[in-house]
Amino acid sequence: MGIGWYLVVSALIFAIGAAGVLIRRNPLVVLLCLELMLNAANLALIAFARLHGGEDGQIFALIVMVVAAAEVTVGLGMIVAIYRRNLPVDVDELNELHG
Amino acid sequence: MSAVLFFIAAIGALSGAIGVVTIRNPFYSVLALVFHLISLAALFLLLRAEFVAAAQVIVYAGAVMVLYVFVVAYVGGGDDPLASGGTALKVLGPLFALAVAVELCIAMLGTALKGISGKGAPYVSGFGTPAHIGKLFLTTYLFPFEVASLLLLVAAIGAVMLARRRRGLEPDDELARLLTAPRPAYTGTMAEGAGSRTGPSTTVPQELPERPTPVGERG
């Protein structure tokens, strides 16, 4: 299969993830959709690594996975803190930072 | 053969992604994401990224998703309606996603990159194996490697600080009560051993046997 096919799949996954971030209101699902977008970027990175025959893209993908894990940890910690304080677990109602 | 595998894995990844967005129960969304990640690992294998595929399955689909499942079970996110509040976003979100997809496809397929329709560079033996990746991580990319480990440490400490039970805000009378309460008798404290129990140690459990008279006190 050509590398272009992989890139098209990556673009579609990224678009689905972006739509999910915009549509969904549960912060847990918003985090899941962020994961989708990061994974789409990973697929593109690895496809380009295959295209150029170097492993640098794979290193980049692994670093992206580390950053995603860190983001998930902090995000889930925030969701647990929100739940403990009996605030609504809903991104539309958590708007105290509007100013 | 690889074309068949590619289409199976790609359809799996796309359907998993659509499932994450459209399923209402967050628990099933997480399971759909696990399916998506495993399909994506198959795509990585087709691109000869063996180590990244293994790390994807073990770290992502294993560890990170277990964390998600725990938090979903704790928060108990029930069925939430799909964007019932903002109807504008409900229409604009998919439109935006469609625009992004079309734009990305045009940008990727319309480039003058040579070989984007080919199968990529000729395969070198050992490409993408743990040996090669590890060697790169410990030589060329040593600094990003160390920064990544530091980032993970910071994230772990930050998550603990965020999700901890806030005990400092309210007066901590529980701990003070525990510290000042008289200890029950016969618990083997040093004061007991020296024969000089101080304080009103009257909380002898009823089921304890009667205290035998010490030998020295009898006469």
# chains A, B, ... in the order shown; residues from 1 in each chain; ligands from 1
$ residues_around --residues "Leu94 (chain A)" --least-positions-apart "4" --cutoff "12 Å" --atoms "only C-alpha atoms" --output "ChimeraX atom specification"
/A:25-27,79,82-83,86-90,98
$ interface_residues --of "chain B" --to "chain A" --cutoff "6 Å" --atoms "only C-alpha atoms" --output "list of chain:residue names"
B:Ala3, B:Val21, B:Leu82, B:Ala83, B:Lys90, B:Gly93, B:Pro94, B:Ala97, B:Val100, B:Ala101, B:Leu104, B:Cys105, B:Ile116, B:Ser117, B:Gly118, B:Lys119, B:Gly120, B:Ala121, B:Leu152, B:Ala155, B:Ala159, B:Leu162, B:Ala163
$ residues_around --residues "Ala9 (chain B)" --least-positions-apart "2" --cutoff "10 Å" --atoms "only C-alpha atoms" --output "PyMOL selection string"
chain B and resi 3-7+11-15+36+38-44+46
$ atom_distance --atom1 "CA of Val64 (chain B)" --atom2 "CA of Phe35 (chain B)"
13.5 Å
$ atom_distance --atom1 "CA of Ala17 (chain B)" --atom2 "CA of Ala32 (chain B)"
7.2 Å
